[in-house]
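Novice: Supplied in structure tokens, the structure appears directly below.
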Amino acid sequence: MESRLGKSDKVRYAEIVVNRPVDKVFHYGVPESLREKLAVGMRVLVPFGHSRTTGYVTGFTETPEVPRSRIKEIEKTLDDEPLIDAKLMELARWISQYYLCSLGEALEALLPGAVRHTRVPLLRCVEPTIHGSELRHKVDELSQKHPKQAKVLEMLGKEAGKPIPLTISRLKRLAHVSDSPVKTLEKHGLVRIFKSELPLGDIPYEKTPQWKDAPIEEYSGPQKEALARIQAQLESGEFGVILLHGVSGSGKTEVYIQAIHEVVRRGYQAIVLVPEVALTPQTVGRFVRHFPKVALLHSYQGASERHWYWTKARRGLVQVAIGPRSAVFAPLPRLGMIVIDEEHETTFKQETTPRYHARDVAIMRAKALGIPVVLGSATPDLVTIHNARTGKYALVEMPKRVTPAEPPRIDVIYMVQESFEQKRLKKKKKPVLVSRHLEHFLKEALARKEQALLFLNRRGFATHFFCPRCGSVLNCENCSITLTYHKRMRRALCHYCGQYKPVPEVCPECRFPGIRQVGAGTERIEEELADKFPDARTVRMDSDTMRRRDAYFKVLHKFKRREIDILVGTQMLAKGLDFPGVTVVGVLDADVVLNFPDFRSRERTFGLLVQVSGRAGRGERRGRVVIQTNRPDDFCIKAAASLDYNGFVEKELSDRQQMHYPPFGRLLQITTQSPGEREAFEKGKEIAQALREAATRPTQVLGPAPAPLSKIRGDYRWHVLVKAPTATAIHEIAARCRQHLRSSAKVRVVADVDPYSML
């Protein structure tokens with residue numbers, strides 16, 4: 001199959017796929033004007049049904065499948081050159097086959113929305129309209145009454161005359177301001193805002209010295225072993241997966257950096273995947289100290305900025321591309337290694353079509369290129385550690401921190417007993433949110449001018465409204481979930497569909513005026529801390545407070561500069577943040593994830609507890625961790641408190657093996673959803689029957705059963721679960737039942753291979 005048409009070729013047709021759940025290649029005629037331009041990997045605009053849509057060119061043919069009289073022509077190309085090369089095209093084909101989606105859906109995932117919707121990357125830039133002594137005089141004039149405006153002008157003066165225009169986003173980062181002072185200065189004619197295409201050879205962000213690591217004088221033994229393993233893999237010129245199982249602070253990031261130095265020295269490039277956008281600036285800050293050409297690829301960038309970085313990457317003008325899940329598709333032409341930090345994190349799994357896992361996609365991409373993949377984690381995914389122990393992956397253990405700091409002391413507080421004792425002593429009926437143990441350590445840390453992280457994986461003020469008379473709770477009308485009380489918004493809010501109601505004064509069922517707010521979220525903890533520690537600078541970091549694109553980065557920079565004493569947040573606080581000032585970490589409810597109806601709930605709980613514990617005591621003083629739980633005797637809580645990863649793995653793998661769960665089997669979860677409960681159930685029943693007829697032993701088909709979240713956004717949901725010994729068995733049974741797995745006008749069918757959410 002040729003990748004490009006020539007002028008002298010015979011009349012031929014383009015093979016086009018579209019972003020629809022249709023496993024079919026469509027043939028379109030190629031107009032004479034496009035014959036020398038059209039190539040595989042380009043996007044085109046084509047008539048499709050009664051409308052027009054974007055298609056992807058996947059090949060050419062002389063013999064269309066339908067009569068030539070019915071074939072429509074391509075209207076125009078959307079790109080000047082192919083955006084998807086042959087290797088990425090093959091990767092998309094694998095994603096399509098493995099994750100049971102169409103090739104068009106897979107190709108759509110390869111390109112960021114910024115690239116698909118922005119043809120020329122133009123960035124909003126700013127420059128002063130005054131210069132020299134006039135600008136300095138204006139800065140002095142504004143510094144008293146309008147210091148933020150003065151700071152903006154001062155920064156513009158420093159950047160004036162440089163060959164690259166200053167983007168507004170970069171200016172805000174440099175001056176630590178919002179849009180407001182910039183707009184005010186524009187209104188008064190002191191600055192000019194314009195759009196510019198940045199030269200691809202320049203870097204539009206500053207190096208961030210506050211994120212720099214201390215220089216490494218001597219590598220530890222495990223670090224040397226890890227580097228030797230990676231070096232040997234690079235020299236072999238062959239594919240391989242290397243797992244760095246290292247405790248928090250064991251120096252995994254330094255290993256990544258030194259390994260990438262070797263990759264770059266050989267003339268190649270690297271991808272570094274991180275689990276959260278919030279970690280990107282910290283990771284970038286470490287890497288730009290070593291590499292002058294780093295590309296950021298994440299969804300919190302503006303469209304033009306992301307397009308700019310993506311274009312630089314595709315032109316081979318970067319050494320390292322860094323970002324969360326979708327950065328696995330970074331179009332680096334000389335890719336030499338892929339690093340996945342915190343590889344156990346569930347955020348690497350995409351929860352919309354195509355439902356790929358970035359770690360597995362990275363491994364397949366590396367395998368096709370014959371390059372190494374480096375995985376790093378203090379608590380590797382059980383499937384990953386099983387692969388390492390059985391020899392499928394190389395394993396390097398990094399059991400100690402590289403600094404003299406000892407592991408944190410971890411205390412487990414039984415909150416049932418703690419609540420009883422506090423209420424008995426204080427004669428109060430208020431719920432106990434912070435144990436006396438944790439409160440004591442917080443007081444000590446604040447007195448020493450140290451910092452603390454408090455982790456609670458629930459946002460809002462109260463988790464639900466409860467009537468003590470009739471026992472009813474306030475539920476969302478669209479979802480099978482309780483409404484969460486958000487005090488500052490004065491709303492009862494659904495976290496799935498966004499529906500909200502005014503805060504009820506009486507029970508909607510029995511009209512009892514004593515309806516209660518039950519449970520606690522991060523907003524309530526923030527209020528409790530303000531009451532207990534009024535002089536402490538406390539900030540809450542969750543999706544309610546981090547709505548602005550740069551909010552995460554600003555809070556983390558402030559915390560790094562010790563401008564925040566206590567940081568309260570949800571799951572992102574557990575993920576790889578490195579702050580030497582943190583000596584106290586509190587997990588306020590360790591049972592939140594443990595109570596999920598999911599076979600991975602213990603693994604996730606253990607991982608979260610160990611990861612968040614690793615944030616404490618990374619400086620000179622030994623850290624203290626307090627885990628508050630109602631289930632102190634659960635083996636995963638005990639294992640986390642003693643940092644006993646191997647003990648936890650042995651017990652959990654034994655339980656998984658008995659139930660044939662991964663890594664001792666593979667799963668396919670099929671969800672039927674419809675506004676009609678009967679329709680969703682009947683479709684689930686049809687699919688389950690077809691799968692049972694197609695299955696051979698030892699494959700099992702379970703269901704249909706109501707999903708744990710049986711209704712979301714007005715759709716009723718039913719689950720069918722396939723448990724098979726291998727991925728091949730999963731795909732064989734799915735292929736036999738392909739017709740039954742298609743959605744209809746009434747019922748949507750979602751097939752999830754290797755599911756990570758069982759809700």
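Chain labels run A, B, ... following the order of the structure tokens; each chain numbers its residues from 1, and ligands are numbered from 1 in the order shown.
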Please provide as a short mmCIF file (atom, residue, chain, number, x, y, z; two decimals) with N, CA and C atoms, in the first residue's frame all residues within 9 Å of Leu174 (chain A), with the sequence filter that same-chain residues fewer than 3 positions apart are discarded (counting only C-alpha atoms).
Specialist:
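Result file out_28.cif:
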data_model
loop_
_atom_site.label_atom_id
_atom_site.label_comp_id
_atom_site.auth_asym_id
_atom_site.auth_seq_id
_atom_site.Cartn_x
_atom_site.Cartn_y
_atom_site.Cartn_z
N VAL A 152 3.56 43.85 36.58
CA VAL A 152 3.42 43.49 35.17
C VAL A 152 4.29 44.38 34.30
N MET A 155 7.98 43.60 34.72
CA MET A 155 8.36 42.36 34.03
C MET A 155 8.44 42.58 32.52
N SER A 169 0.21 34.14 28.98
CA SER A 169 0.27 33.05 29.96
C SER A 169 1.61 33.03 30.67
N ARG A 170 2.71 33.27 29.92
CA ARG A 170 4.02 33.29 30.55
C ARG A 170 4.19 34.52 31.44
N LEU A 171 3.67 35.66 30.99
CA LEU A 171 3.74 36.87 31.79
C LEU A 171 3.05 36.67 33.14
N VAL A 177 0.35 36.92 38.57
CA VAL A 177 -0.87 37.72 38.55
C VAL A 177 -1.92 37.01 37.71
N GLU A 206 9.76 30.01 31.21
CA GLU A 206 10.99 30.27 31.95
C GLU A 206 11.43 29.01 32.67
#
Novice: What does the distance from CA of Val126 (chain A) to CA of Leu156 (chain A) come to in Å, to one decimal?
Specialist: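 If I compute the distance from CA of Val126 (chain A) to CA of Leu156 (chain A), I get 8.2 Å.
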Novice: DSSP says helix (DSSP H, G or I) for which residues of region 563-735 of chain A? Put them as a PyMOL selection string?
Specialist: chain A and resi 571-574+601-613+635-641+645-659+677-694+727-735
Novice: Which residues are near region 218-233 of chain A? Cut-off 7 Å, only C-alpha atoms, ignore same chain within fewer than 5 positions. Put them as a list of chain:residue names.
Specialist: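 The contact residues come out as A:Glu238, A:Gly240, A:Val255, A:Ala259, A:Pro372, A:Val396, A:Glu397, A:Met398, A:Val402.
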Novice: Based on the selection just made, write N, CA and C atoms of those residues as a PDB file, in the first residue's frame.
Specialist:
ATOM      1  N   GLU A 238      17.185  -3.112  21.631  1.00  0.00           N
ATOM      2  CA  GLU A 238      15.985  -3.942  21.644  1.00  0.00           C
ATOM      3  C   GLU A 238      14.977  -3.416  22.659  1.00  0.00           C
ATOM      4  N   GLY A 240      12.447  -3.520  25.790  1.00  0.00           N
ATOM      5  CA  GLY A 240      12.440  -4.124  27.113  1.00  0.00           C
ATOM      6  C   GLY A 240      11.751  -3.196  28.092  1.00  0.00           C
ATOM      7  N   VAL A 255      17.282   9.035  38.247  1.00  0.00           N
ATOM      8  CA  VAL A 255      17.589   7.936  37.322  1.00  0.00           C
ATOM      9  C   VAL A 255      16.981   8.226  35.949  1.00  0.00           C
ATOM     10  N   ALA A 259      19.253   8.699  32.585  1.00  0.00           N
ATOM     11  CA  ALA A 259      19.001   7.780  31.478  1.00  0.00           C
ATOM     12  C   ALA A 259      18.639   8.546  30.208  1.00  0.00           C
ATOM     13  N   PRO A 372      13.453   0.932  25.007  1.00  0.00           N
ATOM     14  CA  PRO A 372      13.059   0.566  26.371  1.00  0.00           C
ATOM     15  C   PRO A 372      11.931   1.430  26.930  1.00  0.00           C
ATOM     16  N   VAL A 396      14.262  -3.598  39.298  1.00  0.00           N
ATOM     17  CA  VAL A 396      15.305  -3.004  40.128  1.00  0.00           C
ATOM     18  C   VAL A 396      14.649  -2.499  41.406  1.00  0.00           C
ATOM     19  N   GLU A 397      15.065  -3.022  42.551  1.00  0.00           N
ATOM     20  CA  GLU A 397      14.526  -2.600  43.843  1.00  0.00           C
ATOM     21  C   GLU A 397      15.336  -1.407  44.360  1.00  0.00           C
ATOM     22  N   MET A 398      14.613  -0.371  44.829  1.00  0.00           N
ATOM     23  CA  MET A 398      15.247   0.816  45.410  1.00  0.00           C
ATOM     24  C   MET A 398      14.597   1.044  46.783  1.00  0.00           C
ATOM     25  N   VAL A 402      17.503   8.293  49.231  1.00  0.00           N
ATOM     26  CA  VAL A 402      18.888   8.668  48.941  1.00  0.00           C
ATOM     27  C   VAL A 402      19.427   9.655  49.976  1.00  0.00           C
TER      28      VAL A 402
END
Novice: Within 9 Å of Tyr268 (chain A), counting only C-alpha atoms, which residues show up once you throw out same-chain ones fewer than 5 positions away? Write them as a list in words, please.
Specialist: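 Near neighbours after the sequence-gap exclusion: Ile260, Glu262, Val263, Gln319, Pro333, Arg334, Leu335, Gly336 and Met337 of chain A.
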Novice: Which one is closest to Ile242 (chain A): A:Ala270, A:Leu375, A:Val568, A:Ala452? Count only C-alpha atoms.
Specialist: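 Smallest distance to Ile242 (chain A) is found for A:Leu375.
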Novice: List the neighbours of region 648-654 of chain A out to 7 Å using only C-alpha atoms; skip same-chain residues closer than 4 positions along the sequence, and give me the result as an MDAnalysis selection string.
Specialist: chainID A and resid 636 639 644 658
Novice: Those same residues, written as a tab-separated table (two decimals), in the first residue's frame with N, CA and C atoms?
Specialist:
chain	number	residue	atom	x	y	z
A	636	CYS	N	-4.90	-4.32	54.61
A	636	CYS	CA	-4.26	-3.32	53.75
A	636	CYS	C	-3.91	-2.07	54.56
A	639	ALA	N	-0.77	-3.14	56.55
A	639	ALA	CA	0.40	-3.22	55.66
A	639	ALA	C	0.90	-1.83	55.30
A	644	ASP	N	4.71	-2.22	54.42
A	644	ASP	CA	5.03	-3.60	54.05
A	644	ASP	C	4.43	-3.91	52.69
A	658	GLN	N	-7.37	-16.82	43.56
A	658	GLN	CA	-8.54	-17.65	43.85
A	658	GLN	C	-9.76	-17.20	43.05
Novice: Identify all residues of region 202-318 of chain A in strand (DSSP E) (DSSP on the backbone) and supply them as a ChimeraX atom specification.
Specialist: /A:240-246,269-273,294-296
Novice: Mind writing the picked residues with N, CA and C atoms as a short mmCIF file (atom, residue, chain, number, x, y, z; two decimals), in the first residue's frame?
Specialist:
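Saved to selection-v2.cif:
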data_model
loop_
_atom_site.label_atom_id
_atom_site.label_comp_id
_atom_site.auth_asym_id
_atom_site.auth_seq_id
_atom_site.Cartn_x
_atom_site.Cartn_y
_atom_site.Cartn_z
N GLY A 240 12.45 -3.52 25.79
CA GLY A 240 12.44 -4.12 27.11
C GLY A 240 11.75 -3.20 28.09
N VAL A 241 11.17 -3.77 29.14
CA VAL A 241 10.50 -2.99 30.18
C VAL A 241 11.28 -3.14 31.47
N ILE A 242 11.61 -2.02 32.10
CA ILE A 242 12.38 -2.02 33.35
C ILE A 242 11.53 -1.34 34.42
N LEU A 243 11.26 -2.06 35.50
CA LEU A 243 10.48 -1.51 36.60
C LEU A 243 11.42 -1.06 37.72
N LEU A 244 11.34 0.22 38.08
CA LEU A 244 12.05 0.74 39.24
C LEU A 244 11.07 0.76 40.41
N HIS A 245 11.18 -0.22 41.28
CA HIS A 245 10.32 -0.27 42.47
C HIS A 245 11.08 0.42 43.60
N GLY A 246 10.79 1.71 43.79
CA GLY A 246 11.56 2.49 44.75
C GLY A 246 10.67 3.25 45.70
N GLN A 269 15.12 10.94 21.38
CA GLN A 269 14.25 11.74 22.24
C GLN A 269 13.52 10.83 23.22
N ALA A 270 12.87 11.45 24.22
CA ALA A 270 12.18 10.67 25.25
C ALA A 270 10.82 11.28 25.57
N ILE A 271 9.92 10.42 26.02
CA ILE A 271 8.62 10.83 26.55
C ILE A 271 8.60 10.50 28.04
N VAL A 272 8.13 11.45 28.87
CA VAL A 272 7.96 11.22 30.30
C VAL A 272 6.48 11.44 30.63
N LEU A 273 5.82 10.39 31.11
CA LEU A 273 4.41 10.49 31.47
C LEU A 273 4.28 10.65 32.98
N VAL A 294 12.49 21.18 26.16
CA VAL A 294 11.45 20.35 26.79
C VAL A 294 10.09 20.82 26.30
N ALA A 295 9.24 19.88 25.89
CA ALA A 295 7.89 20.21 25.44
C ALA A 295 6.88 19.76 26.48
N LEU A 296 5.94 20.64 26.82
CA LEU A 296 4.84 20.30 27.71
C LEU A 296 3.62 19.96 26.87
#
Novice: Counting only C-alpha atoms, which of A:Cys467, A:Ile712, A:Leu382, A:Val318 gets nearest to Gly498 (chain A)?
Specialist: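 Checking each of A:Cys467, A:Ile712, A:Leu382, A:Val318 against Gly498 (chain A), counting only C-alpha atoms, the winner is A:Ile712.
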Novice: Counting only C-alpha atoms, figure out which residue out of A:Leu123, A:Ala735, A:Val264, A:Ala378 gets nearest to Ile193 (chain A).
Specialist: A:Leu123
Novice: What separation in Å, quoted to one decimal, exists between CA of Leu166 (chain A) and CA of Gly323 (chain A)?
Specialist: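 Spanning CA of Leu166 (chain A) to CA of Gly323 (chain A) is a straight-line distance of 22.9 Å.
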Novice: Find the residue from A:Arg621, A:Lys423, A:Arg266, A:His290 that sits nearest to Arg409 (chain A); use only C-alpha atoms when measuring.
Specialist: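 Closest to Arg409 (chain A), using only C-alpha atoms: A:Arg621.
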Novice: List the spatial neighbours of Lys430 (chain A) as JSON, numbers by chain - criterion: any atom at most 12 Å away, only C-alpha atoms, same-chain residues fewer than 6 positions off excluded.
Specialist: {"A": [419, 420, 422, 423, 424, 516, 517, 518, 519, 520, 528]}
Novice: Please produce a file of the residues just selected, as an mmCIF file, in the first residue's frame, where the atoms kept are all heavy atoms.
Specialist:
data_model
loop_
_atom_site.group_PDB
_atom_site.id
_atom_site.type_symbol
_atom_site.label_atom_id
_atom_site.label_comp_id
_atom_site.auth_asym_id
_atom_site.auth_seq_id
_atom_site.Cartn_x
_atom_site.Cartn_y
_atom_site.Cartn_z
ATOM 1 N N SER A 419 -13.829 9.109 68.418
ATOM 2 C CA SER A 419 -15.052 9.910 68.459
ATOM 3 C C SER A 419 -15.754 9.751 69.800
ATOM 4 O O SER A 419 -16.228 10.733 70.398
ATOM 5 C CB SER A 419 -15.990 9.490 67.325
ATOM 6 O OG SER A 419 -15.405 9.748 66.071
ATOM 7 N N PHE A 420 -15.822 8.506 70.282
ATOM 8 C CA PHE A 420 -16.461 8.249 71.579
ATOM 9 C C PHE A 420 -15.744 9.012 72.691
ATOM 10 O O PHE A 420 -16.372 9.666 73.527
ATOM 11 C CB PHE A 420 -16.447 6.746 71.870
ATOM 12 C CG PHE A 420 -16.928 6.392 73.248
ATOM 13 C CD1 PHE A 420 -18.285 6.396 73.556
ATOM 14 C CD2 PHE A 420 -16.023 6.078 74.253
ATOM 15 C CE1 PHE A 420 -18.720 6.091 74.838
ATOM 16 C CE2 PHE A 420 -16.448 5.772 75.536
ATOM 17 C CZ PHE A 420 -17.806 5.780 75.828
ATOM 18 N N GLN A 422 -13.642 11.677 72.462
ATOM 19 C CA GLN A 422 -13.706 13.138 72.337
ATOM 20 C C GLN A 422 -15.068 13.666 72.766
ATOM 21 O O GLN A 422 -15.175 14.689 73.442
ATOM 22 C CB GLN A 422 -13.401 13.566 70.895
ATOM 23 C CG GLN A 422 -11.918 13.545 70.552
ATOM 24 C CD GLN A 422 -11.579 14.547 69.456
ATOM 25 O OE1 GLN A 422 -12.167 15.621 69.390
ATOM 26 N NE2 GLN A 422 -10.616 14.197 68.616
ATOM 27 N N LYS A 423 -16.128 12.952 72.375
ATOM 28 C CA LYS A 423 -17.474 13.409 72.744
ATOM 29 C C LYS A 423 -17.701 13.275 74.250
ATOM 30 O O LYS A 423 -18.382 14.097 74.875
ATOM 31 C CB LYS A 423 -18.515 12.620 71.965
ATOM 32 C CG LYS A 423 -18.551 12.994 70.484
ATOM 33 C CD LYS A 423 -19.527 12.133 69.694
ATOM 34 C CE LYS A 423 -19.508 12.513 68.216
ATOM 35 N NZ LYS A 423 -20.417 11.664 67.409
ATOM 36 N N ARG A 424 -17.100 12.230 74.839
ATOM 37 C CA ARG A 424 -17.234 12.042 76.287
ATOM 38 C C ARG A 424 -16.485 13.134 77.046
ATOM 39 O O ARG A 424 -16.984 13.692 78.035
ATOM 40 C CB ARG A 424 -16.704 10.666 76.678
ATOM 41 C CG ARG A 424 -16.771 10.383 78.193
ATOM 42 C CD ARG A 424 -16.325 8.963 78.487
ATOM 43 N NE ARG A 424 -14.982 8.718 78.044
ATOM 44 C CZ ARG A 424 -13.878 9.041 78.742
ATOM 45 N NH1 ARG A 424 -13.996 9.654 79.902
ATOM 46 N NH2 ARG A 424 -12.675 8.762 78.273
ATOM 47 N N ARG A 516 -30.254 16.544 58.670
ATOM 48 C CA ARG A 516 -28.863 16.731 59.063
ATOM 49 C C ARG A 516 -27.905 16.650 57.878
ATOM 50 O O ARG A 516 -28.195 15.963 56.895
ATOM 51 C CB ARG A 516 -28.464 15.661 60.097
ATOM 52 C CG ARG A 516 -29.229 15.727 61.387
ATOM 53 C CD ARG A 516 -28.841 14.574 62.296
ATOM 54 N NE ARG A 516 -29.596 14.586 63.542
ATOM 55 C CZ ARG A 516 -29.577 13.598 64.436
ATOM 56 N NH1 ARG A 516 -28.822 12.527 64.203
ATOM 57 N NH2 ARG A 516 -30.296 13.678 65.534
ATOM 58 N N GLN A 517 -26.793 17.331 58.046
ATOM 59 C CA GLN A 517 -25.683 17.210 57.092
ATOM 60 C C GLN A 517 -24.705 16.188 57.656
ATOM 61 O O GLN A 517 -24.191 16.370 58.756
ATOM 62 C CB GLN A 517 -24.987 18.550 56.903
ATOM 63 C CG GLN A 517 -25.905 19.653 56.420
ATOM 64 C CD GLN A 517 -25.400 21.015 56.797
ATOM 65 O OE1 GLN A 517 -24.277 21.173 57.267
ATOM 66 N NE2 GLN A 517 -26.233 22.026 56.598
ATOM 67 N N VAL A 518 -24.470 15.128 56.907
ATOM 68 C CA VAL A 518 -23.686 14.003 57.415
ATOM 69 C C VAL A 518 -22.428 13.834 56.577
ATOM 70 O O VAL A 518 -22.433 14.040 55.358
ATOM 71 C CB VAL A 518 -24.519 12.698 57.385
ATOM 72 C CG1 VAL A 518 -23.709 11.527 57.943
ATOM 73 C CG2 VAL A 518 -25.801 12.883 58.193
ATOM 74 N N GLY A 519 -21.335 13.403 57.249
ATOM 75 C CA GLY A 519 -20.081 13.173 56.540
ATOM 76 C C GLY A 519 -19.314 14.469 56.343
ATOM 77 O O GLY A 519 -19.822 15.566 56.567
ATOM 78 N N ALA A 520 -18.073 14.319 55.908
ATOM 79 C CA ALA A 520 -17.217 15.500 55.751
ATOM 80 C C ALA A 520 -16.445 15.432 54.449
ATOM 81 O O ALA A 520 -16.006 14.363 54.019
ATOM 82 C CB ALA A 520 -16.238 15.613 56.922
ATOM 83 N N GLU A 528 -12.882 23.547 59.654
ATOM 84 C CA GLU A 528 -12.467 23.033 60.961
ATOM 85 C C GLU A 528 -11.055 23.502 61.306
ATOM 86 O O GLU A 528 -10.760 23.888 62.441
ATOM 87 C CB GLU A 528 -12.529 21.504 60.940
ATOM 88 C CG GLU A 528 -12.003 20.844 62.200
ATOM 89 C CD GLU A 528 -13.117 20.344 63.103
ATOM 90 O OE1 GLU A 528 -14.275 20.755 62.901
ATOM 91 O OE2 GLU A 528 -12.822 19.577 64.019
#
Novice: So that I can see what lies close to Ser299 (chain A), please list as JSON, numbers by chain the residues with an atom at most 10 Å from it, counting only C-alpha atoms and leaving out residues fewer than 4 positions away in the same chain.
Specialist: {"A": [112, 113, 114, 277, 303, 306, 323, 324, 326, 549]}
